[in-house]
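Enquirer: Let me give you the structure first, and then I'll get to my questions.
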Amino acid sequence: MIKSVMVMNTQGKPRLAKFYDFQPVEKQQELIRSVFGVLCGRADNVSNFVEADSIFGPGTRLVYKHFATLYFVFVFDSSENELAMLDLIQVFVETLDKCFKNVCELDIVYNYSKLHTILDEIIFGGQVLETSSIEVIKAVEEISKLESASNAIALVSKSVSGWRSR
Amino acid sequence: MGSQGGFGQSKEFLDLVKSIGEARSKAEEDRIVLNEIETLKRRISEPDIPKRKMKEYIIRLVYVEMLGHDASFGYIHAVKMTHDDNLVLKRTGYLAVTLFLNEDHDLIILIVNTIQKDLKSDNYLIVCAALNAVCKLINEETIPAVLPQVVELLGHSKEAVRRKAIMALHRFYQKSPSSVQHLVSNFRKRLCDNDPGVMGATLCPLFDLITVDVNSYKDLVISFVSILKQVAERRLPKSYDYHQMPAPFIQIRLLKILALLGSGDKQASENMYTVVGDIFRKCDSSSNIGNAVLYECICCVSSIYANPKLIESAADVIARFLKSDSHNLKYMGIDALGRLIKTSPEIAEQHQLAVIDCLEDPDDTLKRKTFELLYKMTKSSNVEVIVDRMIDYMISINDNHYKTEIASRCVELAEQFAPSNHWFIQTMNKVFEHAGDLVNIKVAHNLMRLIAEGFGEDDDNADSQLRSSAVESYLRIIGEPKLPSVFLQVICWVLGEYGTADGKFSASYITGKLCDVAEAYSNDETVKAYAITALMKISAFEIAAGRKVDMLPECQSLIEELSASHSTDLQQRAYELEAVIGLDAYAVEIIMPADASCEDIEIDKNLSFLSGYVEQALEKGAQPYIPENERSGMLSVSNFRSQDQHEASIHGLRFEAYELPKPSVPSRPPVSLASATELAPVPEPSYPRVTQNVASVPSVSSTDPSDLRLRLDGVQKKWGRPTYTPSETSTSTSTSEKTVNGVTKVDAARDTIYSKVRDTTYDSRKPDAEIPLEKQKLAASLFGGSSKTERRASTTGHRAGKASSHVIEKPQASKASDKTVAEKTIVQPPPDLLDLGEPAVLSRSPSIDPFKQLEGLLDSPQVPSNSNHGAAGANKDSDIIGLHAETAGSGPSSGIVNPVPANKNDLDLLSGLSNSTTDNALGGTPTAHSTQVSKGPNTKDSLEKDALVRQMGVTPTSQNPNLFKDLLG
């Protein structure tokens with residue numbers, strides 16, 4: 001089972017934190033901090049796996065991937081396969097990339113709720129739900145469509161890139 | 001797509017994010033966030049907020065909470081938002097509550113109703129959102145409220161909904177297995193769902209169910225195999241491909257399930273061989289996910305009933321992993337190797353150099369994984385190298401969690417495979433020094449016991465050498481600052497017991513050191529208690545040796561300090577020390593015999609040596625003794641008669657009789673009255689003493705007194721004996737390898753055997769890699785190569801002798817105590833002790849000496865029991881020595897007929913072993929044989945040992961007579 005998904009930047013600021021077993025806010029912060037502490041101490045050319053039993057309890061491992069300014073971290077127990085989890089991160093990032101066209105940290109910050117929508121289509125209740133980024137995007141688009149159709153409220157649809165180029 | 005479709009945020013939010021991003025310090029960030037919280041608090045409670053505004057506030061709240069600030073004031077608004085009919089708002093509300101609330105939160109009760117309604121919605125997106133919330137927010141109590149709806153959704157027309165419904169049920173199962181027990185069949189049913197996605201989803205709960213109860217799902221083996229076959233043959237729609245792999249996540253799940261089902265089940269396993277072999281062949285090893293599937297295949301192969309062909313394929317894949325440049329693959333390779341060596345240990349040897357590379361890799365994860373592998377493959381032949389490496393690594397890291405783990409592993413390996421006791425002590429010293437407070441206290445007790453019992457070899461020289469080397473090393477270490485408490489306890493005990501034994505160090509020197517320890521660690525009462533007891537022992541040995549004891553001033557002040565200590569235990573010890581110093585040599589010699597920590601104490605709890613006296617007293621009309629528990633038992637029942645008796649027994653303690661005996665009191669009431677008055681002076685002084693004895697005896701035997709003393713009960717004794725068989729095998733392996741000679745040569749031979757396809761690349765790679773000599777040596781020592789065999793052969797041979805004599809150790813110890821008993825009997829014949837009424841005792845010491853009574857306790861019962869031990873031990877010995885003679889000459893002389901038929905099995909095993917070693921010389925697989933062989937005798941050993949121990953009646957607590965000494969101030 002996947003216990004947690006975290007996205008944080010290279011300064012240790014959380015960008016997304018989802019725990020499939022409930023953790024109180026303070027504990028979440030502590031976990032994020034200790035994970036960051038482990039990750040920032042690791043060189044570039046080493047493996048993507050870390051045994052995390054001192055942080056999350058016995059048998060837990062984490063897989064991380066470093067993209068530009070972001071760490072993507074999946075924490076899971078012994079019933080998952082490390083290499084497969086590494087690919088799941090790949091799926092997640094690929095999907096984000098397709099959704100945001102060359103995803104970068106800012107996209108993730110500003111589209112916080114969309115990020116959760118995407119993640120919920122990939123991982124459901126701690127189990128892998130979908131591994132095809134095309135299928136995920138389809139589902140997310142459908143949600144968006146239905147939402148905007150059912151939506152009488154005019155949401156502020158400000159383009160992030162437009163804002164950034166100011 | 002950008003931020004289209006309603007995911008955009010307002011300018012305010014973007015500004016917030018930006019300013020947080022630009023914050024220079026944590027304090028600045030906190031200030032910004034707190035400001036934001038204030039704003040939100042104010043705004044969110046305003047009336048008539050537009051819905052889209054509200055949605056944004058909630059998102060901002062989520063964001064603020066992710067940054068670690070409390071947003072609980074807004075939870076209720078998020079809950080309200082879930083009630084909204086608008087899809088966007090509802091989804092936002094659900095997202096917020098799943099992130100905010102835990103399943104036991106008070107607000108959940110407000111959501112359950114909404115969830116119930118939403119699960120029945122026509123809009124499948126609303127259903128999905130509700131299912132998502134169900135996974136996170138429903139607890140054991142609320143499961144029944146939503147369960148019917150979720151079960152209904154298993155038949156939903158949309159496959160996405162069915163899939164999520166299954167996963168929600170899985171979640172219920174995880175939270176409370178009993179709540180969905182009746183629905184387990186649904187998972188089986190859904191396995192046949194038309195949609196492969198739904199089928200894939202059912203594999204998750206089935207995996208959990210099978211983990212718990214394998215046998216109920218054996219019937220599904222065929223189905224799983226055929227599903228896996230179809231998946232591997234690309235029968236699924238193209239959309240399930242991932243990086244050209246057909247549904248790899250489903251394959252991985254299935255392989256995991258098959259591994260569970262095939263474990264230890266030959267029939268089930270045979271069904272799987274073909275499909276697993278197919279996957280091995282078809283799998284694309286260039287992609288990450290392909291390797292993930294291959295790794296899962298290896299796990300499956302190592303778990304199911306062994307199949308040589310599959311193991312060969314698995315070994316090939318492992319070789320590819322280990323030779324890869326990717327650290328990820330190396331990591332997986334090491335892990336897979338650790339799994340596969342359980343079934344076929346010989347494959348580790350092909351990869352020795354790769355393993356050593358991983359050990360020296362800068363990547364910590366890889367290093368730890370490699371240590372885990374080494375831990376699994378430790379034998380007595382490579383334990384020294386492995387444990388040394390582990391300790392070096394342990395010293396180098398700061399992570400306390402891992403330090404504890406690796407320290408306990410070092411201890412475990414050292415206890416199991418220690419080649420010599422000297423090495424064991426050195427290793428333990430290192431572990432204690434660097435991780436002392438992290439290891440189990442039992443480890444310390446084991447170490448003390450080993451030093452006390454020694455090698456058990458025939459010559460006492462080795463024992464005393466071991467002890468003096470321990471003493472020397474401890475005196476060297478003792479000055480170092482901040483030693484762990486546990487280690488100090490060991491040091492104090494050893495210094496007290498053996499510090500002055502070899503005469504190298506003067507008593508005052510050691511006394512000074514001990515006082516320093518007690519002073520330096522004045523907060524640690526346990527250490528102080530150990531130190532003061534050690535001081536007492538040293539002074540006692542000095543007095544007994546007839547030397548004058550000069551109290552050092554610091555020692556004197558320590559005694560004074562401790563006499564006034566708050567701890568009664570420390571006080572008692574201090575007073576005891578003072579009292580012992582005041583006694584004459586003769587008395588001290590008897591209460592504190594030198595080097596007696598291994599002697600057994602037999603306790604005659606019935607105090608039978610007093611029975612003559614008691615009878616005499618009874619004849620004179622004394623009241624019979626009623627045990628305390630009976631007395632209190634009767635009192636609690638509080639019937640009339642017992643009360644009388646109770647009162648009668650109280651009379652015994654009174655000096656004047658002022659009550660007339662009640663008529664209901666049985667057995668000569670007038671006499672009892674008389675005894676109470678007339679005989680009072682006689683029983684009085686003796687009675688308290690008896691109670692004192694009664695009180696002291698249990699306290700000696702139980703180790704209760706605040707856990708301070710050496711506690712030996714339940715301590716495993718792993719070194720020495722149980723490992724003699726592996727050592728034996730290793731001797732033979734190494735010698736056999738010697739004949740083959742040369743690491744590379746051995747390797748080359750094995751390569752040709754094991755890797756037909758690869759060995760061209762492997763071999764060609766090796767020579768130009770120019771393996772450093774050091775690495776080769778390490779490889780040899782880890783994997784039983786030849787560079788060290790000479791030395792190892794000799795040490796193991798030595799150890800074999802040692803091990804055999806270790807068995808004798810017990811009888812030897814008892815022989816020694818026999819001797820001391822004999823000596824004592826010359827001075828003081830046992831019959832005197834047995835009967836206190838005899839004039840002989842009285843003639844020597846006119847008043848009754850309490851020590852003598854205790855000697856009676858100590859010595860007289862020991863005489864018969866010791867001789868017993870000797871005899872029993874001797875019998876046993878001859879068996880085991882015979883066995884050893886057998887082993888020593890294992891090669892050609894395995895035909896010797898052993899007189900003891902019980903050893904037949906061993907003989908067979910051993911001759912089998914010698915056969916196997918001759919095979920090895922011919923290029924066979926040494927480790928395979930040796931481990932198989934070593935498994936058998938090991939368990940047998942422990943059984944044998946257990947029997948021996950029981951036969952000798954060695955109860956662990958009774959081995960420590962100084963417990964007893966301490967009580968006699």
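So you can find residues: chains in the structure tokens are A, B, ... in the order shown, residues in each start at 1, and ligands are numbered from 1 in order.
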Please give the complete set of residues from region 105-145 of chain A that DSSP, run on the backbone, assigns to helix (DSSP H, G or I), formatted as an NGL selection string.
Expert: :A and (105-110 or 112-122 or 133-145)
Enquirer: Quick check for you: according to DSSP on this backbone, which residues of chain A are classed as strand (DSSP E or B)? Reply as a PyMOL selection string.
Expert: chain A and resi 2-9+14-19+49-51+61-67+70-76+123-124+127-128
Enquirer: Rank A:Leu115, A:Leu83, A:Glu121, A:Ile137 by their smallest atom-to-atom distance to chain B, using only C-alpha atoms, and report the top residue only.
Expert: A:Leu83
Enquirer: To one decimal place, how far is CA of Asp104 (chain B) from CA of Ile76 (chain B) in Å?
Expert: 15.0 Å
Enquirer: Please produce, as JSON lines, a per-residue contact table for region 305-340 of chain B versus region 72-81 of chain A (criterion: any atom at most 12 Å away, only C-alpha atoms considered), showing the nearest atom pair and its distance in Å to one decimal, sorted by chain then residue number.
Expert:
{"residue": "B:Asn328", "atom": "CA", "partner": "A:Asn81", "partner_atom": "CA", "distance": 11.9}
{"residue": "B:Met332", "atom": "CA", "partner": "A:Asn81", "partner_atom": "CA", "distance": 9.7}
{"residue": "B:Asp335", "atom": "CA", "partner": "A:Asn81", "partner_atom": "CA", "distance": 11.5}
{"residue": "B:Ala336", "atom": "CA", "partner": "A:Asn81", "partner_atom": "CA", "distance": 11.9}
Enquirer: Rank A:Ser4, A:Gln11, A:Thr69, A:Ser132 by their smallest atom-to-atom distance to chain B, using only C-alpha atoms, and report the top residue only.
Expert: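 Ranking A:Ser4, A:Gln11, A:Thr69, A:Ser132 by distance to chain B, first place goes to A:Ser132.
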Enquirer: Could you tell me how far CA of Val221 (chain B) lies from CA of Val293 (chain B), in Å and to one decimal?
Expert: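 If I compute the distance from CA of Val221 (chain B) to CA of Val293 (chain B), I get 19.0 Å.
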Enquirer: Using only C-alpha atoms, find the one residue out of B:Leu577, B:Leu137, B:Ile37, B:Met390 that sits nearest to chain A.
Expert: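 Among the listed residues, B:Leu137 lies closest to chain A.
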Enquirer: Using only C-alpha atoms, what does the table of region 7-49 of chain A residues within 12 Å of region 348-363 of chain B look like, with each row giving the shortest atom pair and its distance in Å to one decimal, sorted by chain and ascending number, as CSV?
Expert:
residue,atom,partner,partner_atom,distance
A:Leu39,CA,B:Asp363,CA,11.9
A:Gly41,CA,B:Asp363,CA,10.5
A:Arg42,CA,B:Asp363,CA,7.7
A:Ala43,CA,B:Asp363,CA,7.8
A:Asp44,CA,B:Asp363,CA,9.8
A:Asn45,CA,B:Asp363,CA,8.5
A:Val46,CA,B:Asp363,CA,5.5
A:Ser47,CA,B:Asp363,CA,7.0
A:Asn48,CA,B:Asp363,CA,9.9
A:Phe49,CA,B:Asp363,CA,9.9
Enquirer: As an MDAnalysis selection string, please: the residues near Ser54 (chain A) (cut-off 10 Å, only C-alpha atoms, same-chain neighbours under 6 positions excluded).
Expert: (chainID A and resid 34 60:61) or (chainID B and resid 399:402)
Enquirer: Using only C-alpha atoms, please write the residues we just selected to a file, as a short mmCIF file (atom, residue, chain, number, x, y, z; two decimals), in the first residue's frame.
Expert:
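Saved as part.cif:
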data_model
loop_
_atom_site.label_atom_id
_atom_site.label_comp_id
_atom_site.auth_asym_id
_atom_site.auth_seq_id
_atom_site.Cartn_x
_atom_site.Cartn_y
_atom_site.Cartn_z
CA SER A 34 12.66 14.29 7.89
CA THR A 60 8.45 1.25 4.77
CA ARG A 61 10.51 2.45 1.90
CA ASP B 399 21.38 7.60 12.52
CA ASN B 400 20.46 6.07 15.87
CA HIS B 401 17.73 3.95 14.44
CA TYR B 402 19.95 2.17 12.01
#
Enquirer: Within 10 Å of Glu29 (chain B), counting only C-alpha atoms, which residues qualify if same-chain residues fewer than 6 places away don't, as an MDAnalysis selection string?
Expert: chainID B and resid 19:23 35 67
Enquirer: Store the residues of this selection in a file with C-alpha atoms, as a compact mmCIF listing (two decimals), in the first residue's frame.
Expert:
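The new file out22.txt reads:
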# COMPACT_ATOMS: atom_id res chain seq x y z
CA SER B 19 5.19 36.12 -1.31
CA ILE B 20 5.68 32.85 0.51
CA GLY B 21 8.01 31.75 -2.22
CA GLU B 22 10.02 34.90 -1.82
CA ALA B 23 10.16 34.76 1.96
CA ASN B 35 -1.63 37.09 8.29
CA LEU B 67 2.45 24.57 5.19
Enquirer: Leaving out region 21-32 of chain A and any residue of its chain fewer than 4 positions from it, which residues lie within 9 Å of it when counting only C-alpha atoms, given as a list of chain:residue names?
Expert: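 Close residues of region 21-32 of chain A: A:Lys3, A:Ser4, A:Met6, A:Met8, A:Gly12, A:Lys13, A:Pro14, A:Ala17, A:Phe36, A:Gly37, A:Ile55, A:Phe56, A:Gly125, A:Gly126, B:Glu65, B:Met66, B:Leu67, B:Gly68, B:His69, B:Asp70, B:Leu99, B:Phe100, B:Leu101, B:Asn102, B:Glu103, B:Lys136.
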Enquirer: Save the residues we just selected, C-alpha atoms, as a short mmCIF file (atom, residue, chain, number, x, y, z; two decimals), in the first residue's frame?
Expert:
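And here's again-v8.cif as it stands now:
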data_model
loop_
_atom_site.label_atom_id
_atom_site.label_comp_id
_atom_site.auth_asym_id
_atom_site.auth_seq_id
_atom_site.Cartn_x
_atom_site.Cartn_y
_atom_site.Cartn_z
CA LYS A 3 1.28 5.50 2.45
CA SER A 4 2.00 8.93 1.23
CA MET A 6 4.79 14.20 -1.33
CA MET A 8 8.51 19.28 -2.29
CA GLY A 12 12.19 21.58 1.45
CA LYS A 13 8.95 23.54 0.93
CA PRO A 14 6.04 21.17 0.53
CA ALA A 17 1.33 16.31 0.62
CA PHE A 36 13.65 16.24 3.03
CA GLY A 37 16.53 15.79 5.44
CA ILE A 55 10.68 7.82 9.65
CA PHE A 56 7.56 5.86 8.83
CA GLY A 125 -7.05 4.89 -1.17
CA GLY A 126 -3.39 3.93 -1.21
CA GLU B 65 -2.53 23.68 6.39
CA MET B 66 -0.07 21.98 4.08
CA LEU B 67 2.45 24.57 5.19
CA GLY B 68 1.94 23.36 8.72
CA HIS B 69 -0.47 25.88 10.19
CA ASP B 70 -3.70 25.22 11.94
CA LEU B 99 -7.19 16.35 3.66
CA PHE B 100 -8.40 18.00 6.87
CA LEU B 101 -10.22 15.36 8.82
CA ASN B 102 -9.35 11.97 10.16
CA GLU B 103 -11.87 9.18 10.36
CA LYS B 136 -10.47 8.32 3.89
#
Enquirer: Would you kindly return, as a PDB file with C-alpha atoms, in the first residue's frame, each protein, DNA or RNA residue with an atom no farther than 7 Å from any atom of Leu131 (chain B), considering only C-alpha atoms and excluding same-chain residues fewer than 6 positions away?
Expert:
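Written output follows (out.pdb):
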ATOM      1  CA  LYS B 164     -13.252   2.376  -7.104  1.00  0.00           C
ATOM      2  CA  ALA B 165     -15.995   0.508  -5.303  1.00  0.00           C
ATOM      3  CA  ALA B 168     -13.231   1.171  -1.200  1.00  0.00           C
TER       4      ALA B 168
END
Enquirer: Give me, as a list in words, all polymer residues having an atom no more than 7 Å from region 275-279 of chain B, counting only C-alpha atoms and skipping those fewer than 5 positions away in the same chain.
Expert: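 Close residues of region 275-279 of chain B: Lys229, Ala232, Cys297 and Leu310 of chain B.
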Enquirer: Could you save those same residues with C-alpha atoms as a short mmCIF file (atom, residue, chain, number, x, y, z; two decimals), in the first residue's frame?
Expert:
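Result saved to part01.cif:
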data_model
loop_
_atom_site.label_atom_id
_atom_site.label_comp_id
_atom_site.auth_asym_id
_atom_site.auth_seq_id
_atom_site.Cartn_x
_atom_site.Cartn_y
_atom_site.Cartn_z
CA LYS B 229 -0.62 -15.95 -19.14
CA ALA B 232 1.86 -11.75 -20.73
CA CYS B 297 9.63 -12.97 -11.05
CA LEU B 310 13.75 -21.00 -13.17
#
Enquirer: Quick one, how far is CA of His83 (chain B) from CA of Ile111 (chain B)?
Expert: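 Those two atoms sit 8.1 Å apart.
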Enquirer: Identify which of the residues A:Leu119, A:Leu106, A:Val5, A:Ala84 lies closest to chain B, counting only C-alpha atoms when measuring atom-to-atom distances.
Expert: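 Ranking A:Leu119, A:Leu106, A:Val5, A:Ala84 by distance to chain B, first place goes to A:Ala84.
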